[in-house]
Structure formats: C-alpha cells, structure tokens
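Q: Input input-v5.cif, format and content: mmCIF, C-alpha atoms.
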data_data
loop_
_atom_site.label_atom_id
_atom_site.label_comp_id
_atom_site.auth_asym_id
_atom_site.auth_seq_id
_atom_site.Cartn_x
_atom_site.Cartn_y
_atom_site.Cartn_z
CA MET A 1 -15.90 0.28 -27.48
CA ALA A 2 -12.82 1.85 -29.06
CA LEU A 3 -10.48 -0.09 -26.77
CA ARG A 4 -10.05 -3.85 -26.60
CA VAL A 5 -8.55 -5.36 -23.44
CA HIS A 6 -6.85 -8.76 -23.43
CA GLN A 7 -6.26 -9.90 -19.84
CA PHE A 8 -4.18 -12.92 -18.84
CA PRO A 9 -2.58 -14.29 -15.66
CA CYS A 10 1.19 -14.21 -15.19
CA LEU A 11 3.73 -14.68 -12.42
CA SER A 12 2.12 -16.01 -9.24
CA ASP A 13 -0.80 -13.59 -8.97
CA ASN A 14 -0.31 -10.76 -11.48
CA TYR A 15 -2.45 -9.97 -14.48
CA GLY A 16 -1.05 -8.82 -17.78
CA PHE A 17 -3.07 -6.40 -19.90
CA LEU A 18 -2.65 -5.97 -23.62
CA ILE A 19 -4.87 -3.23 -25.01
CA GLN A 20 -5.67 -2.33 -28.60
CA ASP A 21 -7.16 0.79 -30.14
CA GLU A 22 -9.74 -0.56 -32.59
CA ALA A 23 -9.51 2.42 -34.92
CA THR A 24 -5.80 2.02 -35.65
CA SER A 25 -5.00 -1.51 -34.37
CA LEU A 26 -2.14 -0.06 -32.33
CA ALA A 27 -1.55 -1.87 -29.04
CA ALA A 28 0.05 -1.30 -25.66
CA THR A 29 0.90 -3.33 -22.61
CA VAL A 30 -0.03 -1.91 -19.23
CA ASP A 31 3.06 -2.73 -17.16
CA THR A 32 5.46 -5.56 -17.89
CA PRO A 33 5.22 -8.14 -15.12
CA ASP A 34 6.48 -11.04 -17.25
CA ALA A 35 8.16 -10.26 -20.56
CA LYS A 36 7.99 -13.79 -21.96
CA ALA A 37 4.30 -14.17 -21.12
CA ILE A 38 3.48 -10.79 -22.65
CA LEU A 39 5.43 -11.53 -25.85
CA ALA A 40 3.70 -14.90 -26.12
CA GLU A 41 0.29 -13.25 -25.80
CA LEU A 42 1.29 -10.69 -28.42
CA ASP A 43 2.09 -13.56 -30.79
CA LYS A 44 -1.31 -15.10 -30.09
CA THR A 45 -3.21 -11.88 -30.75
CA GLY A 46 -1.08 -10.70 -33.65
CA TRP A 47 -1.23 -7.16 -32.24
CA LYS A 48 1.48 -4.59 -32.99
CA LEU A 49 2.88 -3.15 -29.76
CA ALA A 50 3.41 0.60 -29.84
CA LEU A 51 3.59 1.53 -26.15
CA ILE A 52 4.57 0.21 -22.74
CA LEU A 53 2.49 2.04 -20.12
CA ASN A 54 4.02 1.73 -16.66
CA THR A 55 2.06 2.57 -13.50
CA HIS A 56 5.01 2.42 -11.08
CA TRP A 57 8.56 1.21 -10.68
CA HIS A 58 8.24 -2.16 -8.94
CA ALA A 59 9.85 -5.08 -10.76
CA ASP A 60 6.56 -6.93 -11.27
CA HIS A 61 5.34 -3.88 -13.18
CA ALA A 62 8.38 -2.55 -15.02
CA GLY A 63 10.84 -5.42 -14.89
CA GLY A 64 10.06 -6.62 -18.41
CA ASN A 65 10.46 -3.22 -20.07
CA ALA A 66 13.88 -3.77 -21.66
CA GLU A 67 13.14 -7.22 -23.08
CA ILE A 68 9.79 -6.18 -24.51
CA GLN A 69 11.16 -2.98 -25.99
CA ALA A 70 14.04 -4.86 -27.59
CA ALA A 71 11.60 -7.33 -29.16
CA THR A 72 8.96 -4.84 -30.33
CA GLY A 73 10.44 -1.35 -30.46
CA ALA A 74 7.61 -0.08 -28.25
CA LYS A 75 8.12 3.27 -26.53
CA ILE A 76 8.13 3.24 -22.73
CA VAL A 77 5.84 5.70 -20.95
CA GLY A 78 5.56 6.13 -17.19
CA PRO A 79 6.23 8.15 -14.06
CA ALA A 80 9.76 9.39 -13.32
CA GLU A 81 10.25 6.74 -10.64
CA VAL A 82 10.41 3.99 -13.31
CA ARG A 83 13.92 5.22 -14.07
CA ARG A 84 14.96 3.52 -10.83
CA ILE A 85 14.98 0.22 -12.75
CA ALA A 86 14.49 1.02 -16.45
CA PRO A 87 14.83 3.84 -19.01
CA LEU A 88 11.84 5.93 -20.06
CA ASP A 89 11.07 7.35 -23.50
CA ARG A 90 8.40 9.65 -22.08
CA GLU A 91 7.90 10.76 -18.50
CA VAL A 92 4.29 11.55 -17.61
CA THR A 93 2.58 13.07 -14.62
CA GLU A 94 -0.78 14.44 -13.49
CA GLY A 95 -2.72 16.10 -16.30
CA ASP A 96 -0.75 14.56 -19.15
CA VAL A 97 -2.54 12.69 -21.93
CA VAL A 98 -1.22 9.53 -23.55
CA GLU A 99 -2.61 8.65 -26.96
CA LEU A 100 -2.81 5.12 -28.32
CA GLY A 101 -4.14 5.72 -31.80
CA GLY A 102 -7.57 7.24 -31.24
CA THR A 103 -7.72 6.29 -27.54
CA ARG A 104 -6.78 8.99 -25.05
CA PHE A 105 -5.63 8.18 -21.53
CA SER A 106 -5.58 10.83 -18.83
CA VAL A 107 -2.74 10.36 -16.36
CA LEU A 108 -3.88 10.44 -12.73
CA GLU A 109 -1.45 10.76 -9.84
CA VAL A 110 -2.41 8.08 -7.30
CA GLY A 111 0.66 7.79 -5.09
CA GLY A 112 0.87 5.95 -1.80
CA HIS A 113 1.85 2.41 -2.72
CA THR A 114 4.85 4.13 -4.28
CA LEU A 115 5.27 7.89 -4.20
CA GLY A 116 4.98 8.38 -7.95
CA HIS A 117 2.34 5.77 -8.80
CA ILE A 118 -0.01 6.77 -11.63
CA ALA A 119 -3.17 5.41 -13.23
CA TYR A 120 -4.32 5.58 -16.85
CA TYR A 121 -7.95 6.60 -17.35
CA ASP A 122 -9.80 6.31 -20.67
CA ALA A 123 -12.91 8.42 -20.08
CA GLU A 124 -14.54 7.65 -23.44
CA ASP A 125 -14.56 3.92 -22.78
CA ALA A 126 -14.90 4.30 -18.98
CA ILE A 127 -11.82 2.18 -18.25
CA ALA A 128 -9.10 2.74 -15.66
CA PHE A 129 -5.83 0.85 -15.24
CA VAL A 130 -4.90 1.42 -11.61
CA GLY A 131 -1.87 -0.79 -11.00
CA ASP A 132 -1.48 -1.49 -7.27
CA THR A 133 -3.37 1.51 -5.87
CA LEU A 134 -6.88 0.02 -5.82
CA PHE A 135 -7.69 -3.68 -5.80
CA ALA A 136 -10.96 -5.55 -5.90
CA LEU A 137 -12.02 -5.31 -2.23
CA GLY A 138 -8.58 -3.93 -1.35
CA CYS A 139 -5.80 -1.45 -1.90
CA GLY A 140 -2.03 -1.54 -2.13
CA ARG A 141 0.29 -1.50 0.84
CA MET A 142 1.90 1.84 1.60
CA PHE A 143 5.51 0.95 0.87
CA GLU A 144 6.50 4.59 0.35
CA GLY A 145 3.55 6.88 0.97
CA GLN A 146 1.63 8.02 4.02
CA PRO A 147 -2.07 7.50 4.86
CA GLU A 148 -3.05 11.03 3.81
CA GLN A 149 -1.58 10.51 0.34
CA MET A 150 -3.02 7.03 -0.13
CA TRP A 151 -6.46 8.06 1.09
CA ALA A 152 -6.47 11.01 -1.31
CA SER A 153 -5.47 8.70 -4.15
CA LEU A 154 -8.24 6.25 -3.36
CA GLN A 155 -10.74 9.09 -3.20
CA ARG A 156 -9.50 10.29 -6.57
CA LEU A 157 -10.32 6.92 -8.08
CA ALA A 158 -13.58 6.59 -6.17
CA ALA A 159 -14.71 9.89 -7.71
CA LEU A 160 -14.66 8.37 -11.20
CA PRO A 161 -18.07 7.43 -12.63
CA GLU A 162 -19.60 4.36 -10.99
CA ALA A 163 -19.69 2.41 -14.25
CA THR A 164 -15.93 2.77 -14.77
CA THR A 165 -14.31 -0.62 -15.33
CA VAL A 166 -11.25 -0.99 -13.11
CA TYR A 167 -8.32 -3.19 -14.11
CA CYS A 168 -6.09 -3.83 -11.09
CA ALA A 169 -2.86 -5.74 -11.34
CA HIS A 170 -3.25 -8.69 -8.95
CA GLU A 171 -5.65 -11.50 -8.08
CA TYR A 172 -5.88 -10.76 -4.36
CA THR A 173 -9.65 -10.70 -4.09
CA ALA A 174 -10.30 -13.86 -2.05
CA SER A 175 -7.81 -12.77 0.62
CA ASN A 176 -9.24 -9.27 0.54
CA ALA A 177 -12.75 -10.67 0.92
CA ARG A 178 -11.78 -12.66 4.02
CA PHE A 179 -10.41 -9.49 5.56
CA ALA A 180 -13.45 -7.45 4.56
CA LEU A 181 -15.71 -9.91 6.37
CA SER A 182 -13.64 -9.46 9.53
CA VAL A 183 -14.25 -5.70 9.72
CA ASP A 184 -17.51 -5.08 7.87
CA ASP A 185 -20.86 -6.78 8.52
CA ASP A 186 -22.72 -5.07 5.67
CA PRO A 187 -24.88 -7.61 3.76
CA ALA A 188 -23.54 -6.38 0.42
CA VAL A 189 -20.00 -7.26 1.55
CA ALA A 190 -21.08 -10.76 2.60
CA ALA A 191 -22.84 -11.30 -0.72
CA ARG A 192 -19.85 -10.14 -2.69
CA ALA A 193 -17.45 -12.27 -0.66
CA GLU A 194 -19.56 -15.35 -1.35
CA ALA A 195 -19.53 -14.58 -5.08
CA VAL A 196 -15.76 -14.11 -4.99
CA PHE A 197 -15.14 -17.42 -3.22
CA GLU A 198 -17.39 -19.23 -5.69
CA ALA A 199 -15.66 -17.63 -8.68
CA ARG A 200 -12.20 -18.51 -7.38
CA SER A 201 -13.27 -22.11 -6.68
CA ARG A 202 -14.06 -22.33 -10.39
CA GLY A 203 -10.71 -20.78 -11.31
CA GLU A 204 -12.33 -17.60 -12.60
CA ALA A 205 -10.78 -14.13 -12.44
CA THR A 206 -12.32 -11.53 -10.15
CA VAL A 207 -10.70 -8.69 -12.11
CA PRO A 208 -11.89 -6.34 -13.55
CA THR A 209 -14.18 -4.68 -11.06
CA THR A 210 -16.08 -1.38 -11.18
CA ILE A 211 -15.87 1.84 -9.23
CA GLY A 212 -19.48 1.44 -8.13
CA LEU A 213 -18.88 -2.03 -6.72
CA GLU A 214 -15.78 -0.87 -4.87
CA ARG A 215 -17.58 2.11 -3.38
CA GLN A 216 -20.25 -0.23 -2.07
CA THR A 217 -18.08 -3.04 -0.65
CA ASN A 218 -14.37 -2.17 -0.46
CA PRO A 219 -13.42 -1.74 3.22
CA PHE A 220 -10.69 0.76 2.38
CA LEU A 221 -13.12 3.06 0.60
CA ARG A 222 -15.64 2.48 3.39
CA ALA A 223 -13.05 3.20 6.11
CA PRO A 224 -14.84 6.18 7.73
CA LEU A 225 -17.94 4.01 8.21
CA LEU A 226 -15.86 1.20 9.72
CA ALA A 227 -13.87 3.39 12.12
CA PRO A 228 -15.99 2.51 15.22
CA ASN A 229 -15.37 -1.21 14.55
CA LEU A 230 -11.65 -0.52 14.81
CA GLY A 231 -11.75 1.78 17.82
CA VAL A 232 -11.15 4.94 15.80
CA VAL A 233 -13.81 7.48 16.72
CA GLY A 234 -13.82 11.15 15.80
CA ALA A 235 -10.63 10.86 13.74
CA PRO A 236 -10.19 12.32 10.26
CA ASP A 237 -11.03 10.03 7.35
CA HIS A 238 -7.40 9.33 6.50
CA ALA A 239 -6.83 8.12 10.07
CA ALA A 240 -9.75 5.72 9.72
CA PHE A 241 -8.22 4.50 6.49
CA ALA A 242 -4.86 4.05 8.24
CA ALA A 243 -6.57 1.91 10.88
CA VAL A 244 -8.15 -0.33 8.24
CA ARG A 245 -4.84 -0.62 6.40
CA ALA A 246 -3.01 -1.52 9.65
CA ALA A 247 -5.62 -4.16 10.42
CA LYS A 248 -5.17 -5.69 6.97
CA ASP A 249 -1.39 -5.65 7.29
CA SER A 250 -1.62 -7.81 10.41
CA PHE A 251 -4.59 -9.94 9.29
CA LYS A 252 -3.90 -13.69 9.34
CA GLY A 253 -7.15 -15.03 7.94
#
Could you render the structure as structure tokens?
A:
Amino acid sequence: MALRVHQFPCLSDNYGFLIQDEATSLAATVDTPDAKAILAELDKTGWKLALILNTHWHADHAGGNAEIQAATGAKIVGPAEVRRIAPLDREVTEGDVVELGGTRFSVLEVGGHTLGHIAYYDAEDAIAFVGDTLFALGCGRMFEGQPEQMWASLQRLAALPEATTVYCAHEYTASNARFALSVDDDPAVAARAEAVFEARSRGEATVPTTIGLERQTNPFLRAPLLAPNLGVVGAPDHAAFAAVRAAKDSFKG
C-alpha cells in the first residue's frame, strides 16, 4: 500500500485518522475531532503533517483545525461549509483531486448529513474516508439534507468496489447492530451483529469496514428490501430509505 492509516479513539465515540503517503512521508489528518489527541498521536508517530482534510463542518470534525494548523502549519482542505466554523486554505468539491505526496484522493459529494459533506476516495489503495455519511451498519442523521440526497449519497458510496476499505468517523456499530436486528432478519445480519457484540465486549474497534460488507448487511443500503417490514410498499427507494432512517431515529434499543 502507498498509504498508511493510523486510527485512534478520541472524544466519546469518534475516531481520529492520521494518514501517511509512504513515498514522501507526508501526512494528513482526516478531520480534527480532538486537537490535543491528534497532536499527541503525531508526536508518537513522528509524522510531518501537511494537510487537514475536512469532510464537513461539524465541531467534532473541524473544531480542532485552528489549533492543529497553528502547531503544524498544515493546510486546511474541505468543503465550503467548513468556513462556518473555521478558515479554509483550499475549498474542494465534486471532481476535485487532493494530492498527499504520491497519493491522490478523489473528492466525492455525499451530502445529506450536512448539505456539503464530502468523502475522500483513494482508488489506488481502495480506501475511502466517509466522515458521517456511511457508518458500519448505519448512516448519519439527516441534519440538513433530505432523503433523496442522502439516498443518492449512500448509493454513490455503495457503487465503489466491494473491497474498498471504509473509514467512518464514529464507533456506533453496536447500537446500529441492535437496530439492524429489529428490522432485518437476514442471517448475514444476525451473524455480523454477533461478531460486532463480541468485538465490542473485548474493547475492539469495529471500524474500518468494507463496501461489500455494508452492501450485504447495512439496513440503510438494504432499505428497498426492508420496505415491506416497515409498511412501505410500492414507494421509491429513497422513501424506503426514509422509513428506515425514521425508524432508527426513534429506536430505543
């Protein structure tokens, strides 16, 4: 692989991601949930930070930008919406390419959680950093977008190659698994949920995941198949997704 990924927990349930291009040793942080934790991990790795890659504007993703930039001189890259809480050195949108040494990230528009949310996709290494759009067995809440937009964004990610490694920003998988079991009786979902509960009981991370695994077991990607279970029959796919999302929003398990 040309890209190294150093993952670590921070805040209550976020993950931090430091990434390094092996060819040049240049590094980036994907989002800045906790500036002090990220700077401490940089000290441990000895990596030189060149870029801050923001996926969206929420404080647990861009709130550490200023402190980390002041400490490292890293340039801040992200969607225009990040300017709501922090300056940007480079605004990026669909079709743009961000280079970290020899590693090239395609910018994918995946709005819905926030309107301007983006993902960073490294096709050569088959790695995607998806922020809060897609989670292991879940997806982000629609704080700003509508079901049509969020469904299209999830389909955009689901269309990536099955072997793509997906780094999502939160450890929500056990909760997502409990919900998945409430709406989906597929044996593969039950098997995955059991594996998730066992992993979490050992204190292990359930991130990263893969596109193939999410296609097979994520109830939000499987929404059209689950529509009858939720009383949504004959509706367009985005309406089935909306029903699954509404059920998760009110789920108490």
Q: Return as a Markdown table the residues of range 9-103 of chain A lying at most 9 Å from range 130-150 of chain A, together with the closest atom-to-atom pair for each and the distance in Å to one decimal, counting only C-alpha atoms, with rows in chain order and ascending residue number.
A:
| residue | atom | partner | partner_atom | distance |
| --- | --- | --- | --- | --- |
| A:Val30 | CA | A:Gly131 | CA | 8.5 |
| A:Asp31 | CA | A:Gly131 | CA | 8.1 |
| A:Asn54 | CA | A:Gly131 | CA | 8.5 |
| A:Thr55 | CA | A:Gly131 | CA | 5.7 |
| A:His56 | CA | A:Gly131 | CA | 7.6 |
| A:His61 | CA | A:Gly131 | CA | 8.1 |
Q: Of the residues A:Lys252, A:Arg215, A:Arg4, A:Lys48, which is the one nearest to Gln155 in chain A, using only C-alpha atoms?
A: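 Closest to Gln155 in chain A, using only C-alpha atoms: A:Arg215.
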Q: Could you expand the PyMOL selection byres ((chain A and resi 186) around 12) into the explicit residues it covers here, written as a PyMOL selection string?
A: chain A and resi 180-185+187-193+216-219+222+225-226
Q: Taking the file as shown, find all residues satisfying the PyMOL selection byres ((chain A and resi 158-161) around 10) and write them as a short mmCIF file (atom, residue, chain, number, x, y, z; two decimals) with C-alpha atoms, in the frame of the given file.
A:
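What follows is the written file selection.cif:
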data_model
loop_
_atom_site.label_atom_id
_atom_site.label_comp_id
_atom_site.auth_asym_id
_atom_site.auth_seq_id
_atom_site.Cartn_x
_atom_site.Cartn_y
_atom_site.Cartn_z
CA TYR A 121 -7.95 6.60 -17.35
CA ALA A 123 -12.91 8.42 -20.08
CA ALA A 126 -14.90 4.30 -18.98
CA ILE A 127 -11.82 2.18 -18.25
CA ALA A 128 -9.10 2.74 -15.66
CA LEU A 134 -6.88 0.02 -5.82
CA ALA A 152 -6.47 11.01 -1.31
CA SER A 153 -5.47 8.70 -4.15
CA LEU A 154 -8.24 6.25 -3.36
CA GLN A 155 -10.74 9.09 -3.20
CA ARG A 156 -9.50 10.29 -6.57
CA LEU A 157 -10.32 6.92 -8.08
CA GLU A 162 -19.60 4.36 -10.99
CA ALA A 163 -19.69 2.41 -14.25
CA THR A 164 -15.93 2.77 -14.77
CA THR A 165 -14.31 -0.62 -15.33
CA THR A 210 -16.08 -1.38 -11.18
CA ILE A 211 -15.87 1.84 -9.23
CA GLY A 212 -19.48 1.44 -8.13
CA GLU A 214 -15.78 -0.87 -4.87
CA ARG A 215 -17.58 2.11 -3.38
CA LEU A 221 -13.12 3.06 0.60
#
Q: Run the PyMOL selection byres ((chain A and resi 37) around 9) on the file and write out the hits as a PyMOL selection string.
A: chain A and resi 8-11+16+33-36+38-42
Q: Those residues you just picked out, can you put them in a file as an mmCIF file, in the frame of the given file with C-alpha atoms?
A:
data_model
loop_
_atom_site.group_PDB
_atom_site.id
_atom_site.type_symbol
_atom_site.label_atom_id
_atom_site.label_comp_id
_atom_site.auth_asym_id
_atom_site.auth_seq_id
_atom_site.Cartn_x
_atom_site.Cartn_y
_atom_site.Cartn_z
ATOM 1 C CA PHE A 8 -4.180 -12.920 -18.840
ATOM 2 C CA PRO A 9 -2.580 -14.290 -15.660
ATOM 3 C CA CYS A 10 1.190 -14.210 -15.190
ATOM 4 C CA LEU A 11 3.730 -14.680 -12.420
ATOM 5 C CA GLY A 16 -1.050 -8.820 -17.780
ATOM 6 C CA PRO A 33 5.220 -8.140 -15.120
ATOM 7 C CA ASP A 34 6.480 -11.040 -17.250
ATOM 8 C CA ALA A 35 8.160 -10.260 -20.560
ATOM 9 C CA LYS A 36 7.990 -13.790 -21.960
ATOM 10 C CA ILE A 38 3.480 -10.790 -22.650
ATOM 11 C CA LEU A 39 5.430 -11.530 -25.850
ATOM 12 C CA ALA A 40 3.700 -14.900 -26.120
ATOM 13 C CA GLU A 41 0.290 -13.250 -25.800
ATOM 14 C CA LEU A 42 1.290 -10.690 -28.420
#
Q: Rounded to one decimal in Å, what is the spacing between CA of Val233 in chain A and CA of Trp151 in chain A?
A: 17.3 Å
Q: If we count only C-alpha atoms and set the cut-off at 10 Å, which residues sit around range 102-107 of chain A, ignoring sequence neighbours fewer than 3 positions away in its own chain? Please answer as an MDAnalysis selection string.
A: chainID A and resid 2:3 20:26 55 78:79 92:99 110 118:125 127:129
Q: Using only C-alpha atoms, pick whichever of A:Leu230, A:Val244, A:Ala28, A:Ile85 has the shortest atom-to-atom distance to Asp60 in chain A.
A: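 Between A:Leu230, A:Val244, A:Ala28, A:Ile85, the residue approaching Asp60 in chain A most closely is A:Ile85.
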Q: Just want the 8 Å neighbourhood of Gly253 in chain A, counted on only C-alpha atoms, with same-chain residues fewer than 5 positions away dropped. Output as a PDB file with C-alpha atoms, keeping the file's coordinate frame.
A:
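Result file out-v3.pdb:
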ATOM      1  CA  SER A 175      -7.810 -12.770   0.620  1.00  0.00           C
ATOM      2  CA  ARG A 178     -11.780 -12.660   4.020  1.00  0.00           C
ATOM      3  CA  PHE A 179     -10.410  -9.490   5.560  1.00  0.00           C
TER       4      PHE A 179
END
Q: Rounded to one decimal place, report the CA of Tyr167 in chain A-CA of Leu115 in chain A distance in Å.
A: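 Pair CA of Tyr167 in chain A / CA of Leu115 in chain A returns 20.1 Å.
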Q: Box along x, y and z, 3 Å on every side, all listed atoms of range 98-111 of chain A inside: centre and edge lengths in Å to one decimal, as JSON.
A:
{"center_x": -3.5, "center_y": 8.0, "center_z": -18.4, "size_x": 14.4, "size_y": 11.7, "size_z": 32.7}
Q: Identify the residues around (12.2, -1.2, -11.2) within a radius of 6 Å, measuring from all atoms listed in the file in the coordinates stated by the file, and give them as a ChimeraX atom specification.
A: /A:57-59,62-63,82,84-85
Q: Can you tell me how far CA of Phe241 in chain A sits from CA of His113 in chain A, in Å to one decimal?
A: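 That distance, rounded to one decimal, is 13.8 Å.
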Q: Residues within 10 Å of (4.3, 0.7, -28.4), file coordinates, counting all atoms listed in the file: what are they? Give the list as a list in words.
A: Leu26, Ala27, Ala28, Thr29, Lys48, Leu49, Ala50, Leu51, Ile52, Leu53, Ile68, Gln69, Thr72, Gly73, Ala74, Lys75, Ile76, Val77 and Leu100 of chain A
